[in-house]
Amino acid sequence: MQIPLHEFKLAGIEDLLIDDIIIEPKVMNTIKIYAGKLPSDTKINVYAHVLHTGVPGPSVLLLGGVHGNEINGIEVVRRSVEQQLFETVKRGTVIIVPLLNIYGFINFSRSVPDGKDVNRSFPGHLNGSLASRVARVITRKILPYVDVAIDFHTGGDARYNFPQVRYEKYNRIAEVMAMHFKTKYVIEQPLIPYSFRKAAHDMKVPAIVYEGGESIRLDPLAIEQGLNGIKNVLNALEMTDFQVANQEEPRFIIHKTKWVRASSSGLFIWCKPSGGFVEKGDLLGEIKDPFGTKSVKIVANTSGHIVGHNNACVVSLGDALFHIGHEYSEI
């Protein structure tokens, strides 16, 4: 099952120009795109690595760090460059942006200093908020040269996401890309307004989102599966011939999910990790008061696969604890 691309934006273009910078063919180019300034007047640039083979083929964007504290997504894209995965690309173009939200990265924050979420600020505006200006770097400077995109993320706050790919089920190209990424879980998720994926969709660029691990914490499994996913998708696009040792285990499309939420406040101790299957009524963990006098059991409100869980040691009433895919089918 090949990814059904029929036209390539950069087919026949030998002299590629991005942000008024000439991209030399057949070598890895690194360009800096101005994104703004710190209050200290220090300039902030977004770095993009570009390999343009000059041979007709797809143009693929690998994007990390839309949220500055989602380190696993950043590390997957960064490590793909460090490991020189793209030296063997035989056709098409690869554009790699390891870190978009530099402001958030500096401050260990999901957002930029003005408190706005870059992934709710697309397509961005030249005269908009700081988050809007950062988003505009991608939509104006990069996406016009892209056929398909992979957006790399990590679970927000203390929430751990078992390695998974999310896609918009009515987009055939995005669906096939998600299947080729070969994570255990592939999740149908509608487009979110003002997100990168929605902006890409509006520009006719099918995009999928990879989620793995927990913010501010490197996770070897999430990184390994993210790197394997890049190789799998490039192979499916007939751009490379990587040998990938994917895990031989059942894989699932998750059609619907629901959260198990905290029914009390206190110290949270979970006993069921992400990546496993639970039956309705199974014990998932307990919430204990700090005085040793009360304990509340947390049980599964449905049967299904745990695709994410909360690693916070202290939770409040109503906090999301376990993310369960309760409608699913095996791939």
# chains A, B, ... in the order shown; residues from 1 in each chain; ligands from 1
$ select_by_dssp --residues "region 3-243 of chain A" --states "helix (DSSP H, G or I)" --output "ChimeraX atom specification"
/A:71-82,85-88,102-106,118-120,130-141,143-145,172-181,196-202,220-236
$ select_by_dssp --residues "region 114-279 of chain A" --states "strand (DSSP E or B)" --output "MDAnalysis selection string"
chainID A and resid 148:155 159:167 185:188 207:214 217 252:261 266:270 277:278
$ residues_around --residues "Val146 (chain A)" --least-positions-apart "5" --cutoff "9 Å" --atoms "only C-alpha atoms" --output "list in words"
Phe8, Lys9, Leu10, Pro58, Ser59, Val60, Leu61, Thr93, Val94, Ile95 and Val205 of chain A
$ write_last_selection --atoms "C-alpha atoms" --output "PDB file, in the first residue's frame"
ATOM      1  CA  PHE A   8       5.009  16.864  -6.512  1.00  0.00           C
ATOM      2  CA  LYS A   9       5.304  20.566  -5.744  1.00  0.00           C
ATOM      3  CA  LEU A  10       9.033  20.632  -6.392  1.00  0.00           C
ATOM      4  CA  PRO A  58       7.769  14.052  -2.716  1.00  0.00           C
ATOM      5  CA  SER A  59       8.729  16.942  -0.459  1.00  0.00           C
ATOM      6  CA  VAL A  60       8.458  15.891   3.194  1.00  0.00           C
ATOM      7  CA  LEU A  61       8.472  18.164   6.255  1.00  0.00           C
ATOM      8  CA  THR A  93      13.128  16.790  -0.859  1.00  0.00           C
ATOM      9  CA  VAL A  94      13.300  16.572   2.927  1.00  0.00           C
ATOM     10  CA  ILE A  95      12.871  19.677   5.107  1.00  0.00           C
ATOM     11  CA  VAL A 205      -0.611  19.346   2.711  1.00  0.00           C
TER      12      VAL A 205
END
$ closest_residue --among "A:Arg172, A:Lys198, A:Lys32, A:Lys90" --to "Arg120 (chain A)" --atoms "only C-alpha atoms"
A:Lys198
$ residues_around --residues "Met203 (chain A)" --least-positions-apart "5" --cutoff "10 Å" --atoms "only C-alpha atoms" --output "PyMOL selection string"
chain A and resi 123+139+143-144+146-147+197-198
$ closest_residue --among "A:Lys288, A:His201, A:His305, A:Arg78" --to "Trp270 (chain A)" --atoms "only C-alpha atoms"
A:Lys288
$ residues_around --residues "Val233 (chain A)" --least-positions-apart "6" --cutoff "8 Å" --atoms "only C-alpha atoms" --output "list of chain:residue names"
A:Met177, A:His180, A:Phe181
$ write_last_selection --atoms "C-alpha atoms" --output "mmCIF file, in the first residue's frame"
data_model
loop_
_atom_site.group_PDB
_atom_site.id
_atom_site.type_symbol
_atom_site.label_atom_id
_atom_site.label_comp_id
_atom_site.auth_asym_id
_atom_site.auth_seq_id
_atom_site.Cartn_x
_atom_site.Cartn_y
_atom_site.Cartn_z
ATOM 1 C CA MET A 177 1.029 7.689 6.067
ATOM 2 C CA HIS A 180 3.056 3.158 7.336
ATOM 3 C CA PHE A 181 4.505 4.833 10.443
#
$ closest_residue --among "A:Gln243, A:Ser303, A:Ser316, A:Ser215" --to "Ser263 (chain A)" --atoms "only C-alpha atoms"
A:Ser316
$ residues_around --residues "Ser109 (chain A)" --least-positions-apart "3" --cutoff "12 Å" --atoms "only C-alpha atoms" --output "PyMOL selection string"
chain A and resi 65-71+101-106+112-118+156-157+215-216
$ residues_around --residues "region 158-160 of chain A" --least-positions-apart "5" --cutoff "7 Å" --atoms "only C-alpha atoms" --output "PDB file with C-alpha atoms, in the first residue's frame"
ATOM      1  CA  GLY A 213       6.481  10.042  25.951  1.00  0.00           C
ATOM      2  CA  GLU A 214       6.106  12.799  28.532  1.00  0.00           C
ATOM      3  CA  SER A 215       7.207  16.443  28.529  1.00  0.00           C
ATOM      4  CA  GLY A 308      -1.876   7.537  27.717  1.00  0.00           C
ATOM      5  CA  HIS A 309      -1.800   8.141  31.450  1.00  0.00           C
ATOM      6  CA  ASN A 310      -1.013  10.878  33.960  1.00  0.00           C
ATOM      7  CA  ASN A 311       2.310  10.650  35.786  1.00  0.00           C
ATOM      8  CA  ALA A 312       1.516  13.511  38.181  1.00  0.00           C
TER       9      ALA A 312
END
